[in-house]
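Just run14.pdb here, PDB, C-alpha atoms and all ligand atoms:
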```
ATOM      1  CA  MET A  23     117.326  81.905  63.168
ATOM      2  CA  GLU A  24     119.660  80.234  60.699
ATOM      3  CA  THR A  25     120.313  82.207  57.530
ATOM      4  CA  VAL A  26     121.813  81.749  54.064
ATOM      5  CA  ILE A  27     123.673  84.272  51.961
ATOM      6  CA  LEU A  28     122.337  84.731  48.430
ATOM      7  CA  TYR A  29     124.930  85.030  45.673
ATOM      8  CA  ASN A  30     124.687  88.854  45.761
ATOM      9  CA  GLY A  31     125.523  88.924  49.496
ATOM     10  CA  ILE A  32     121.949  89.402  50.747
ATOM     11  CA  GLU A  33     121.217  87.415  53.910
ATOM     12  CA  ALA A  34     117.973  85.441  54.009
ATOM     13  CA  PRO A  35     116.463  83.421  56.875
ATOM     14  CA  VAL A  36     116.091  79.719  56.042
ATOM     15  CA  LEU A  37     112.532  79.673  57.375
ATOM     16  CA  GLY A  38     109.591  81.985  56.883
ATOM     17  CA  ILE A  39     105.810  81.989  56.928
ATOM     18  CA  GLY A  40     103.854  81.293  53.742
ATOM     19  CA  THR A  41     100.500  82.944  53.078
ATOM     20  CA  PHE A  42      98.977  81.096  50.082
ATOM     21  CA  MET A  43      95.200  80.567  50.397
ATOM     22  CA  ILE A  44      95.085  82.453  53.684
ATOM     23  CA  SER A  45      92.383  85.124  53.985
ATOM     24  CA  PRO A  46      93.377  88.755  54.566
ATOM     25  CA  GLU A  47      92.193  88.615  58.203
ATOM     26  CA  ASP A  48      94.012  85.368  58.967
ATOM     27  CA  THR A  49      97.111  86.604  57.132
ATOM     28  CA  GLU A  50      97.320  89.715  59.297
ATOM     29  CA  ARG A  51      96.915  87.667  62.474
ATOM     30  CA  SER A  52      99.305  84.893  61.423
ATOM     31  CA  VAL A  53     102.065  87.140  60.125
ATOM     32  CA  TYR A  54     101.949  89.277  63.267
ATOM     33  CA  ALA A  55     102.036  86.157  65.462
ATOM     34  CA  ALA A  56     104.945  84.778  63.445
ATOM     35  CA  LEU A  57     106.954  87.995  63.815
ATOM     36  CA  LYS A  58     106.304  87.978  67.564
ATOM     37  CA  LEU A  59     107.552  84.385  67.703
ATOM     38  CA  GLY A  60     110.811  85.300  65.983
ATOM     39  CA  TYR A  61     110.071  84.639  62.289
ATOM     40  CA  ARG A  62     111.938  87.064  60.060
ATOM     41  CA  MET A  63     110.674  86.060  56.621
ATOM     42  CA  ILE A  64     107.252  86.366  54.982
ATOM     43  CA  ASP A  65     106.250  85.085  51.552
ATOM     44  CA  THR A  66     103.266  86.523  49.701
ATOM     45  CA  ALA A  67     102.207  87.281  46.114
ATOM     46  CA  ASN A  68      99.987  89.657  44.128
ATOM     47  CA  ALA A  69      97.744  86.671  43.437
ATOM     48  CA  TYR A  70      97.217  85.760  47.119
ATOM     49  CA  MET A  71      95.230  88.976  47.558
ATOM     50  CA  ASN A  72      96.721  89.503  51.000
ATOM     51  CA  GLU A  73      99.735  91.765  50.438
ATOM     52  CA  GLU A  74      97.960  94.611  52.274
ATOM     53  CA  SER A  75      97.484  92.336  55.283
ATOM     54  CA  VAL A  76     101.159  91.363  55.257
ATOM     55  CA  GLY A  77     102.009  95.076  55.189
ATOM     56  CA  LYS A  78      99.635  95.842  58.079
ATOM     57  CA  ALA A  79     101.033  93.021  60.244
ATOM     58  CA  LEU A  80     104.587  94.131  59.558
ATOM     59  CA  ALA A  81     103.771  97.790  60.270
ATOM     60  CA  LYS A  82     102.147  96.784  63.570
ATOM     61  CA  ALA A  83     105.200  94.724  64.549
ATOM     62  CA  ILE A  84     107.510  97.624  63.672
ATOM     63  CA  GLU A  85     105.343 100.081  65.622
ATOM     64  CA  GLY A  86     105.335  97.718  68.602
ATOM     65  CA  GLY A  87     109.136  97.526  68.606
ATOM     66  CA  ILE A  88     109.120  93.795  67.783
ATOM     67  CA  VAL A  89     111.175  94.184  64.595
ATOM     68  CA  THR A  90     112.715  96.806  62.384
ATOM     69  CA  ARG A  91     112.013  96.815  58.637
ATOM     70  CA  GLU A  92     115.635  95.825  57.966
ATOM     71  CA  GLU A  93     115.333  92.690  60.097
ATOM     72  CA  VAL A  94     112.452  91.230  58.079
ATOM     73  CA  PHE A  95     112.833  89.548  54.703
ATOM     74  CA  VAL A  96     109.715  90.072  52.580
ATOM     75  CA  SER A  97     109.200  88.201  49.327
ATOM     76  CA  THR A  98     106.365  88.710  46.883
ATOM     77  CA  LYS A  99     105.521  87.766  43.297
ATOM     78  CA  ILE A 100     104.351  89.700  40.287
ATOM     79  CA  TRP A 101     101.411  87.906  38.685
ATOM     80  CA  ALA A 102     101.551  86.936  34.985
ATOM     81  CA  THR A 103      98.846  89.369  33.801
ATOM     82  CA  LEU A 104     100.997  92.242  35.093
ATOM     83  CA  TYR A 105     104.288  91.436  33.366
ATOM     84  CA  GLU A 106     103.762  94.262  30.855
ATOM     85  CA  ASN A 107     102.229  96.722  33.317
ATOM     86  CA  GLU A 108     104.820  99.369  34.071
ATOM     87  CA  ASN A 109     103.191 100.164  37.430
ATOM     88  CA  ALA A 110     103.184  96.586  38.695
ATOM     89  CA  VAL A 111     106.172  96.917  41.024
ATOM     90  CA  GLU A 112     105.134 100.304  42.394
ATOM     91  CA  ASP A 113     101.554  99.073  42.972
ATOM     92  CA  THR A 114     102.892  95.979  44.741
ATOM     93  CA  LEU A 115     105.024  98.122  47.052
ATOM     94  CA  LYS A 116     102.019 100.363  47.751
ATOM     95  CA  ARG A 117      99.875  97.374  48.756
ATOM     96  CA  LEU A 118     102.633  96.180  51.074
ATOM     97  CA  GLY A 119     103.279  99.696  52.398
ATOM     98  CA  LEU A 120     106.997  99.207  51.750
ATOM     99  CA  GLU A 121     109.726 101.060  49.897
ATOM    100  CA  TYR A 122     111.435  97.861  48.822
ATOM    101  CA  VAL A 123     111.023  94.116  49.023
ATOM    102  CA  ASP A 124     113.840  91.735  49.846
ATOM    103  CA  LEU A 125     112.968  89.294  47.075
ATOM    104  CA  LEU A 126     110.777  89.833  44.038
ATOM    105  CA  PHE A 127     109.624  86.941  41.849
ATOM    106  CA  ILE A 128     107.829  86.512  38.592
ATOM    107  CA  HIS A 129     105.178  84.020  39.633
ATOM    108  CA  GLN A 130     104.680  81.870  36.543
ATOM    109  CA  PRO A 131     106.394  81.015  33.257
ATOM    110  CA  ALA A 132     103.427  82.467  31.367
ATOM    111  CA  GLY A 133     102.723  85.220  28.864
ATOM    112  CA  ASN A 134     105.504  87.715  28.299
ATOM    113  CA  TYR A 135     107.638  86.476  31.174
ATOM    114  CA  MET A 136     110.777  88.067  29.735
ATOM    115  CA  ALA A 137     109.120  91.493  29.970
ATOM    116  CA  GLY A 138     108.240  90.530  33.547
ATOM    117  CA  TYR A 139     111.818  89.591  34.334
ATOM    118  CA  ARG A 140     113.157  92.795  32.791
ATOM    119  CA  MET A 141     110.779  94.710  35.049
ATOM    120  CA  LEU A 142     112.311  92.831  37.996
ATOM    121  CA  GLU A 143     115.829  93.688  36.836
ATOM    122  CA  LYS A 144     114.855  97.351  36.688
ATOM    123  CA  ALA A 145     113.382  97.136  40.206
ATOM    124  CA  TYR A 146     116.679  95.630  41.374
ATOM    125  CA  GLN A 147     118.675  98.426  39.774
ATOM    126  CA  ASP A 148     116.335 101.017  41.314
ATOM    127  CA  GLY A 149     116.755  99.508  44.796
ATOM    128  CA  LYS A 150     113.112  98.411  44.981
ATOM    129  CA  ALA A 151     114.006  94.712  45.151
ATOM    130  CA  LYS A 152     117.103  93.489  47.001
ATOM    131  CA  SER A 153     117.130  90.168  45.140
ATOM    132  CA  LEU A 154     115.296  88.524  42.242
ATOM    133  CA  GLY A 155     113.488  85.265  41.828
ATOM    134  CA  ILE A 156     111.660  83.071  39.375
ATOM    135  CA  SER A 157     108.851  80.785  40.378
ATOM    136  CA  ASN A 158     107.699  77.560  38.726
ATOM    137  CA  PHE A 159     110.143  77.776  35.800
ATOM    138  CA  HIS A 160     111.341  74.530  34.212
ATOM    139  CA  ASP A 161     112.582  73.076  30.940
ATOM    140  CA  GLU A 162     112.589  75.340  27.825
ATOM    141  CA  LYS A 163     111.174  78.426  29.502
ATOM    142  CA  LEU A 164     113.786  78.162  32.245
ATOM    143  CA  GLU A 165     116.521  77.965  29.595
ATOM    144  CA  MET A 166     115.064  80.915  27.651
ATOM    145  CA  LEU A 167     114.958  82.991  30.804
ATOM    146  CA  LEU A 168     118.481  82.099  31.866
ATOM    147  CA  ALA A 169     119.830  82.898  28.399
ATOM    148  CA  ASP A 170     118.254  86.346  28.459
ATOM    149  CA  ALA A 171     118.586  87.347  32.126
ATOM    150  CA  LYS A 172     121.311  89.922  32.783
ATOM    151  CA  ILE A 173     120.968  89.309  36.502
ATOM    152  CA  LYS A 174     120.608  85.585  37.030
ATOM    153  CA  PRO A 175     117.882  84.705  39.555
ATOM    154  CA  HIS A 176     119.056  84.668  43.150
ATOM    155  CA  VAL A 177     116.258  82.292  44.123
ATOM    156  CA  ILE A 178     113.910  79.831  42.440
ATOM    157  CA  GLN A 179     110.654  79.041  44.194
ATOM    158  CA  MET A 180     109.078  75.724  43.198
ATOM    159  CA  GLU A 181     107.307  72.688  44.597
ATOM    160  CA  VAL A 182     109.762  70.973  46.968
ATOM    161  CA  HIS A 183     109.126  68.395  49.696
ATOM    162  CA  PRO A 184     110.469  64.942  50.553
ATOM    163  CA  TYR A 185     108.470  63.388  47.686
ATOM    164  CA  CYS A 186     109.892  65.840  45.147
ATOM    165  CA  THR A 187     113.285  67.523  45.579
ATOM    166  CA  GLN A 188     113.653  68.875  42.008
ATOM    167  CA  LYS A 189     117.235  67.654  41.799
ATOM    168  CA  GLU A 190     117.606  68.319  38.071
ATOM    169  CA  ILE A 191     116.538  71.956  38.219
ATOM    170  CA  ARG A 192     118.640  72.533  41.327
ATOM    171  CA  GLU A 193     121.699  71.098  39.639
ATOM    172  CA  ARG A 194     121.060  73.180  36.525
ATOM    173  CA  LEU A 195     120.871  76.353  38.620
ATOM    174  CA  SER A 196     123.839  75.550  40.857
ATOM    175  CA  GLU A 197     126.055  77.071  38.137
ATOM    176  CA  TYR A 198     124.664  80.499  39.100
ATOM    177  CA  GLY A 199     124.396  79.964  42.845
ATOM    178  CA  THR A 200     120.590  80.249  42.650
ATOM    179  CA  ARG A 201     119.003  79.136  45.940
ATOM    180  CA  THR A 202     115.913  76.959  46.224
ATOM    181  CA  MET A 203     112.858  78.113  48.153
ATOM    182  CA  GLY A 204     110.369  75.262  48.373
ATOM    183  CA  TRP A 205     106.604  75.554  48.226
ATOM    184  CA  TYR A 206     104.256  72.890  49.659
ATOM    185  CA  PRO A 207     107.012  71.974  52.156
ATOM    186  CA  LEU A 208     104.451  70.010  54.195
ATOM    187  CA  GLY A 209     102.555  68.719  51.165
ATOM    188  CA  HIS A 210      99.951  71.499  51.479
ATOM    189  CA  GLY A 211      98.424  69.658  54.450
ATOM    190  CA  ASP A 212      98.683  66.125  52.963
ATOM    191  CA  LYS A 213      98.627  63.942  56.070
ATOM    192  CA  GLY A 214     100.047  61.081  54.018
ATOM    193  CA  LEU A 215     103.335  62.957  53.674
ATOM    194  CA  VAL A 216     103.649  64.234  57.235
ATOM    195  CA  ASN A 217     102.649  60.840  58.657
ATOM    196  CA  GLU A 218     105.204  58.814  56.690
ATOM    197  CA  GLU A 219     106.693  56.191  59.015
ATOM    198  CA  ILE A 220     110.184  57.691  58.873
ATOM    199  CA  PHE A 221     108.922  61.027  60.220
ATOM    200  CA  THR A 222     107.034  59.338  63.063
ATOM    201  CA  LYS A 223     110.168  57.380  63.988
ATOM    202  CA  LEU A 224     112.350  60.500  63.999
ATOM    203  CA  ALA A 225     109.694  62.547  65.818
ATOM    204  CA  ASP A 226     109.847  59.978  68.650
ATOM    205  CA  LYS A 227     113.626  60.077  68.716
ATOM    206  CA  TYR A 228     113.973  63.872  68.786
ATOM    207  CA  ARG A 229     110.750  64.587  70.755
ATOM    208  CA  LYS A 230     109.489  66.776  67.953
ATOM    209  CA  SER A 231     106.364  66.628  65.779
ATOM    210  CA  ASN A 232     106.404  64.946  62.370
ATOM    211  CA  ALA A 233     106.001  68.354  60.708
ATOM    212  CA  GLN A 234     109.039  69.681  62.586
ATOM    213  CA  ILE A 235     111.114  66.760  61.299
ATOM    214  CA  VAL A 236     110.023  67.485  57.712
ATOM    215  CA  LEU A 237     110.899  71.178  58.069
ATOM    216  CA  ARG A 238     114.280  70.399  59.635
ATOM    217  CA  TRP A 239     114.992  68.125  56.666
ATOM    218  CA  HIS A 240     114.225  71.046  54.307
ATOM    219  CA  THR A 241     116.655  73.367  56.056
ATOM    220  CA  GLN A 242     119.377  70.705  56.206
ATOM    221  CA  MET A 243     118.904  70.115  52.467
ATOM    222  CA  GLY A 244     119.858  73.774  52.054
ATOM    223  CA  PHE A 245     116.327  74.856  51.104
ATOM    224  CA  ILE A 246     114.611  78.008  52.256
ATOM    225  CA  THR A 247     111.267  76.822  53.594
ATOM    226  CA  ILE A 248     108.022  78.761  53.987
ATOM    227  CA  PRO A 249     105.335  76.590  55.609
ATOM    228  CA  GLY A 250     101.900  78.176  55.454
ATOM    229  CA  SER A 251      99.729  78.206  58.548
ATOM    230  CA  LYS A 252      96.974  80.121  60.253
ATOM    231  CA  ASN A 253      97.122  77.973  63.382
ATOM    232  CA  PRO A 254      99.100  79.680  66.191
ATOM    233  CA  ASP A 255     100.355  76.344  67.583
ATOM    234  CA  HIS A 256     101.618  75.252  64.173
ATOM    235  CA  ILE A 257     103.257  78.631  63.571
ATOM    236  CA  ARG A 258     105.093  78.300  66.899
ATOM    237  CA  ASP A 259     106.123  74.680  66.284
ATOM    238  CA  ASN A 260     107.255  75.318  62.699
ATOM    239  CA  GLY A 261     109.659  77.983  63.952
ATOM    240  CA  ASP A 262     111.048  75.703  66.650
ATOM    241  CA  ILE A 263     113.277  73.404  64.571
ATOM    242  CA  PHE A 264     116.767  74.703  65.220
ATOM    243  CA  ASP A 265     117.640  72.867  68.454
ATOM    244  CA  PHE A 266     118.341  69.477  66.873
ATOM    245  CA  SER A 267     119.953  68.050  63.730
ATOM    246  CA  LEU A 268     119.164  64.987  61.668
ATOM    247  CA  THR A 269     122.135  62.727  60.999
ATOM    248  CA  ASP A 270     123.484  62.128  57.482
ATOM    249  CA  GLU A 271     121.962  58.626  57.573
ATOM    250  CA  GLU A 272     118.560  60.010  58.555
ATOM    251  CA  MET A 273     118.756  62.655  55.812
ATOM    252  CA  ALA A 274     119.588  59.938  53.295
ATOM    253  CA  GLU A 275     116.734  57.757  54.537
ATOM    254  CA  ILE A 276     114.232  60.604  54.030
ATOM    255  CA  THR A 277     115.609  61.385  50.587
ATOM    256  CA  LYS A 278     114.643  57.848  49.503
ATOM    257  CA  LEU A 279     111.079  59.209  49.236
ATOM    258  CA  ASP A 280     112.242  61.510  46.430
ATOM    259  CA  GLY A 281     110.516  61.068  43.097
ATOM    260  CA  THR A 282     107.411  59.359  44.433
ATOM    261  CA  LYS A 283     104.857  62.176  44.149
ATOM    262  CA  ARG A 284     104.158  65.678  42.846
ATOM    263  CA  TYR A 285     101.060  67.648  43.751
ATOM    264  CA  TYR A 286     101.258  69.995  40.761
ATOM    265  CA  GLN A 287     102.138  69.042  37.218
ATOM    266  CA  ALA A 288     102.647  72.073  35.042
ATOM    267  CA  ASP A 289     101.954  71.991  31.344
ATOM    268  CA  ASN A 290     102.175  74.686  28.739
ATOM    269  CA  ALA A 291      98.409  75.046  28.242
ATOM    270  CA  GLN A 292      97.801  75.552  31.984
ATOM    271  CA  GLU A 293     100.704  77.980  32.278
ATOM    272  CA  GLU A 294      99.435  80.064  29.374
ATOM    273  CA  LYS A 295      96.021  80.334  31.060
ATOM    274  CA  TYR A 296      97.688  82.192  33.930
ATOM    275  CA  ALA A 297      98.502  85.034  31.542
ATOM    276  CA  THR A 298      94.762  85.675  31.106
ATOM    277  CA  MET A 299      93.661  85.145  34.714
ATOM    278  CA  HIS A 300      93.246  88.729  35.843
ATOM    279  CA  LEU A 301      93.277  89.567  39.525
ATOM    280  CA  PRO A 302      90.287  91.305  41.168
ATOM    281  CA  PHE A 303      92.267  94.487  41.881
ATOM    282  CA  GLU A 304      93.162  94.904  38.188
ATOM    283  CA  GLY A 305      89.622  96.229  37.670
TER     284      GLY A 305
HETATM  285  N1  LIG B   1     105.152  80.023  43.900
HETATM  286  C1  LIG B   1     104.057  79.310  43.897
HETATM  287  O1  LIG B   1     103.460  79.046  42.853
HETATM  288  C2  LIG B   1     103.539  78.790  45.210
HETATM  289  C3  LIG B   1     102.559  77.793  45.221
HETATM  290  C4  LIG B   1     102.088  77.349  46.451
HETATM  291  C5  LIG B   1     102.600  77.874  47.627
HETATM  292  N2  LIG B   1     103.549  78.854  47.595
HETATM  293  C6  LIG B   1     104.115  79.432  48.853
HETATM  294  O2  LIG B   1     104.580  78.352  49.640
HETATM  295  C7  LIG B   1     103.966  78.416  50.929
HETATM  296  C8  LIG B   1     103.816  77.017  51.499
HETATM  297  O3  LIG B   1     102.874  76.263  50.775
HETATM  298  P1  LIG B   1     101.412  75.921  51.359
HETATM  299  O4  LIG B   1     101.125  76.875  52.450
HETATM  300  O5  LIG B   1     100.462  75.886  50.234
HETATM  301  O6  LIG B   1     101.595  74.443  51.867
HETATM  302  P2  LIG B   1     102.370  73.793  53.120
HETATM  303  O7  LIG B   1     103.166  74.814  53.836
HETATM  304  O8  LIG B   1     103.034  72.577  52.619
HETATM  305  O9  LIG B   1     101.163  73.298  53.996
HETATM  306  C9  LIG B   1     100.238  74.174  54.595
HETATM  307  C10 LIG B   1      99.213  73.287  55.300
HETATM  308  O10 LIG B   1      99.860  72.557  56.341
HETATM  309  C11 LIG B   1      99.216  72.790  57.576
HETATM  310  N3  LIG B   1     100.255  72.904  58.590
HETATM  311  C12 LIG B   1     101.168  73.911  58.762
HETATM  312  N4  LIG B   1     101.969  73.643  59.798
HETATM  313  C13 LIG B   1     101.592  72.453  60.301
HETATM  314  C14 LIG B   1     102.026  71.657  61.394
HETATM  315  N5  LIG B   1     103.026  72.054  62.153
HETATM  316  N6  LIG B   1     101.394  70.488  61.613
HETATM  317  C15 LIG B   1     100.378  70.082  60.839
HETATM  318  N7  LIG B   1      99.899  70.798  59.797
HETATM  319  C16 LIG B   1     100.508  71.962  59.535
HETATM  320  C17 LIG B   1      98.456  74.082  57.398
HETATM  321  O11 LIG B   1      97.287  74.085  58.174
HETATM  322  P3  LIG B   1      97.097  75.105  59.433
HETATM  323  O12 LIG B   1      96.754  76.443  58.887
HETATM  324  O13 LIG B   1      95.976  74.468  60.188
HETATM  325  O14 LIG B   1      98.395  75.104  60.209
HETATM  326  C18 LIG B   1      98.089  74.059  55.916
HETATM  327  O15 LIG B   1      96.908  73.318  55.706
HETATM  328  C19 LIG B   1     102.646  79.129  50.639
HETATM  329  O16 LIG B   1     101.998  79.566  51.807
HETATM  330  C20 LIG B   1     103.101  80.214  49.694
HETATM  331  O17 LIG B   1     103.708  81.277  50.401
HETATM  332  C21 LIG B   1     104.027  79.296  46.393
END
```
Spit out the file's structure as structure tokens when you get a sec.
Ligand SMILES: NC(=O)c1ccc[n+]([C@@H]2O[C@H](COP(=O)([O-])OP(=O)(O)OC[C@H]3O[C@@H](n4cnc5c(N)ncnc54)[C@H](OP(=O)(O)O)[C@@H]3O)[C@@H](O)[C@H]2O)c1
Amino acid sequence: METVILYNGIEAPVLGIGTFMISPEDTERSVYAALKLGYRMIDTANAYMNEESVGKALAKAIEGGIVTREEVFVSTKIWATLYENENAVEDTLKRLGLEYVDLLFIHQPAGNYMAGYRMLEKAYQDGKAKSLGISNFHDEKLEMLLADAKIKPHVIQMEVHPYCTQKEIRERLSEYGTRTMGWYPLGHGDKGLVNEEIFTKLADKYRKSNAQIVLRWHTQMGFITIPGSKNPDHIRDNGDIFDFSLTDEEMAEITKLDGTKRYYQADNAQEEKYATMHLPFEG
């Protein structure tokens, strides 16, 4: 597995399994299958309601001698309604059954996100998070956060795929060495993206699937990629992208798609709603 080094020296795999909109049962199965296949990164969130399943799959893989805790990079996200809850990090670790996570995000630029980020900084100082992240931040709220953050984010997680590479935000954050982790790497199942002619052409050339070409492009762009899947064949294929390389010309050809589509357009009103959307386990 290829890895990158975050600016604080922490090593992170460039590919992991995503778990958004995957039921607890499927999450446990998929994460365990992924670990068996050699994945060493898992991305979850308070809001996905499957952190316990991630923890169970990881515990089973550790028990079975497949991995050690230290070999697996676990990222999760504190939801916006919990930014001022002093137990949020501890409760998250309890759900995961872990003593620390490798990467801890605040999930949305909503509500009192600075209180949320300060909670992350404390978790980092206490050894409960090995690195810190922000998710979905942009424009003014990104600037406010950067101005106030004592520990600049090691990672930003945001929508990234060939239609939308977020060049401006990436360039803004390059000053700090903040890495990009892309969500919706395969367009959240949009066949229109995966079946773009360029991917079919390259899939023929390299004897790979279109999805594998898209994921290889992500890693060669320097992105950390976390395709979500509950299909064992897809999980296997998505991890099998390190035995070929796209040429500079092919990378440039794919990047011509940039700027043509976004699946999610954030606005302030929507973001502020997140701060009132309580999660079932909050009671
Ligand atoms: N921070 C945020 O706000 C945020 C938002 C969204 C997502 N995320 C994170 O990013 C991860 C990735 O996003 P996502 O899961 O929504 O979208 P995605 O990875 O772009 O796409 C997932 C979809 O692609 C299909 N798929 C996966 N591998 C495939 C393959 N090899 N061939 C064909 N289809 C394939 C999956 O179906 P099958 O199950 O049938 O394989 C699923 O329908 C999430 O799981 C989550 O961890 C974060």
Check which residues of chain A sit at most 6 Å from ligand LIG 1 (chain B) using all atoms listed in the file, and return one row each with the closest pair of atoms and their distance in Å to one decimal, ordered by chain and rising number, as a tab-separated table.
```
residue	atom	partner	partner_atom	distance
A:Gly40	CA	B:LIG1	O16	3.2
A:Thr41	CA	B:LIG1	O16	3.9
A:Phe42	CA	B:LIG1	O16	3.8
A:Asp65	CA	B:LIG1	O17	4.7
A:Thr66	CA	B:LIG1	O17	5.3
A:His129	CA	B:LIG1	N1	5.8
A:Ser157	CA	B:LIG1	N1	5.2
A:Gln179	CA	B:LIG1	N1	5.6
A:Met180	CA	B:LIG1	N1	5.9
A:Trp205	CA	B:LIG1	O2	3.7
A:Tyr206	CA	B:LIG1	O8	3.2
A:Pro207	CA	B:LIG1	O8	4.0
A:Leu208	CA	B:LIG1	O8	3.3
A:Gly209	CA	B:LIG1	O8	4.2
A:His210	CA	B:LIG1	O9	3.3
A:Gly211	CA	B:LIG1	O10	3.7
A:Ala233	CA	B:LIG1	N5	5.0
A:Ile248	CA	B:LIG1	C7	5.1
A:Pro249	CA	B:LIG1	O7	3.3
A:Gly250	CA	B:LIG1	O4	3.4
A:Ser251	CA	B:LIG1	O12	3.5
A:Lys252	CA	B:LIG1	O12	3.9
A:Asn253	CA	B:LIG1	O14	4.5
A:His256	CA	B:LIG1	N5	4.0
A:Asp259	CA	B:LIG1	N5	5.8
A:Asn260	CA	B:LIG1	N5	5.4
```
task = Would you write out, as an NGL selection string, every residue that the PyMOL selection byres (((chain A and resi 278) around 12) and not hetatm) captures in this file?
result = :A and (183-187 or 218 or 220 or 271-277 or 279-283)
request  = Taking the file above as input, evaluate the PyMOL selection byres (((chain A and resi 69-71) around 9) and not hetatm) and report the hits as a PyMOL selection string.
outcome  = chain A and resi 41-46+66-68+72-75+99-101+129+301-303
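Distances to A:Tyr29 were evaluated for A:Gly60, A:Gly77, A:Gly199, A:Gly155 using only C-alpha atoms, and the minimum falls at A:Gly199.
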task = Pull out every residue that the PyMOL selection byres (((chain A and resi 265) around 12) and not hetatm) matches in the shown coordinates and put them as a PyMOL selection string.
result = chain A and resi 23-24+228-230+234-235+238+259+261-264+266-268
query = Could you work out how far atom CA of A:Thr114 lies from atom CA of A:Gln147, giving the answer in Å with one decimal?
reply = 16.7 Å
message = Residues proximal to (115.6, 80.1, 51.4) were defined as those with any atom within 10 Å of that point in the file's coordinates, counting all atoms listed in the file. Which are they, as a list in words?
response = Thr25, Val26, Ile27, Leu28, Glu33, Ala34, Pro35, Val36, Leu37, Gly38, Met63, Val177, Ile178, Gln179, Arg201, Thr202, Met203, Gly204, His240, Thr241, Gly244, Phe245, Ile246, Thr247 and Ile248 of chain A
inquiry  = At a cut-off of 12 Å, using all atoms listed in the file, what residues contact stretch 165-176 of chain A? Leave out same-chain residues fewer than 6 positions from it and give the result as a PyMOL selection string.
reply    = chain A and resi 26-34+124-128+130-132+134-147+151-157+159+191+194-203
Separation of atom CA of A:Gly305 from atom CA of A:Asp289, in Å and rounded to one decimal =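 Rounded to one decimal, the two atoms are 27.9 Å apart.
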inquiry  = For a quick check of understanding, using all atoms listed in the file, which of A:Leu115, A:Leu80, A:Val182, A:Leu237 has the smallest distance to A:Arg51?
reply    = A:Leu80
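Among the candidates A:Ala83, A:Val236, A:Val111, A:Val76, the one nearest to A:Val96 when counting only C-alpha atoms is A:Val76.
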request  = Measuring atom to atom with all atoms listed in the file, identify which of A:Leu118, A:Leu104, A:Ile257, A:Ala110 is nearest to A:Ser52.
outcome  =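 When distances to A:Ser52 are compared using all atoms listed in the file, the smallest one comes from A:Ile257.
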message = One number please: atom CA of A:Glu50 to atom CA of A:Ile64, in Å, one decimal.
response =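 Those two atoms sit 11.3 Å apart.
The smallest atom-to-atom distance between A:Val53 and any of A:Ala291, A:Leu120, A:Thr103, A:Arg258, using only C-alpha atoms, is found for A:Arg258.
The closest residue to A:Glu112, picked from A:Thr222, A:Gln242, A:Lys150, A:Tyr285 and counting all atoms listed in the file, is A:Lys150.
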Atoms are missing here; could stretch 55-66 of chain A be completed with N, CA and C atoms and written as a tab-separated table (two decimals), in the frame of the given file?
```
chain	number	residue	atom	x	y	z
A	55	ALA	N	101.66	87.19	64.47
A	55	ALA	CA	102.04	86.16	65.46
A	55	ALA	C	103.42	85.59	65.13
A	56	ALA	N	103.66	85.34	63.86
A	56	ALA	CA	104.94	84.78	63.44
A	56	ALA	C	106.09	85.74	63.79
A	57	LEU	N	105.89	87.02	63.52
A	57	LEU	CA	106.95	88.00	63.82
A	57	LEU	C	107.22	88.05	65.32
A	58	LYS	N	106.15	87.97	66.10
A	58	LYS	CA	106.30	87.98	67.56
A	58	LYS	C	107.08	86.75	68.04
A	59	LEU	N	106.88	85.64	67.31
A	59	LEU	CA	107.55	84.38	67.70
A	59	LEU	C	108.99	84.30	67.19
A	60	GLY	N	109.41	85.30	66.43
A	60	GLY	CA	110.81	85.30	65.98
A	60	GLY	C	111.01	85.02	64.50
A	61	TYR	N	109.92	84.79	63.74
A	61	TYR	CA	110.07	84.64	62.29
A	61	TYR	C	110.59	85.97	61.72
A	62	ARG	N	111.42	85.86	60.70
A	62	ARG	CA	111.94	87.06	60.06
A	62	ARG	C	111.80	87.01	58.54
A	63	MET	N	110.93	86.13	58.07
A	63	MET	CA	110.67	86.06	56.62
A	63	MET	C	109.19	85.81	56.37
A	64	ILE	N	108.66	86.52	55.37
A	64	ILE	CA	107.25	86.37	54.98
A	64	ILE	C	107.20	86.22	53.47
A	65	ASP	N	106.43	85.25	53.00
A	65	ASP	CA	106.25	85.08	51.55
A	65	ASP	C	104.80	85.35	51.17
A	66	THR	N	104.61	86.25	50.20
A	66	THR	CA	103.27	86.52	49.70
A	66	THR	C	103.34	86.66	48.18
```
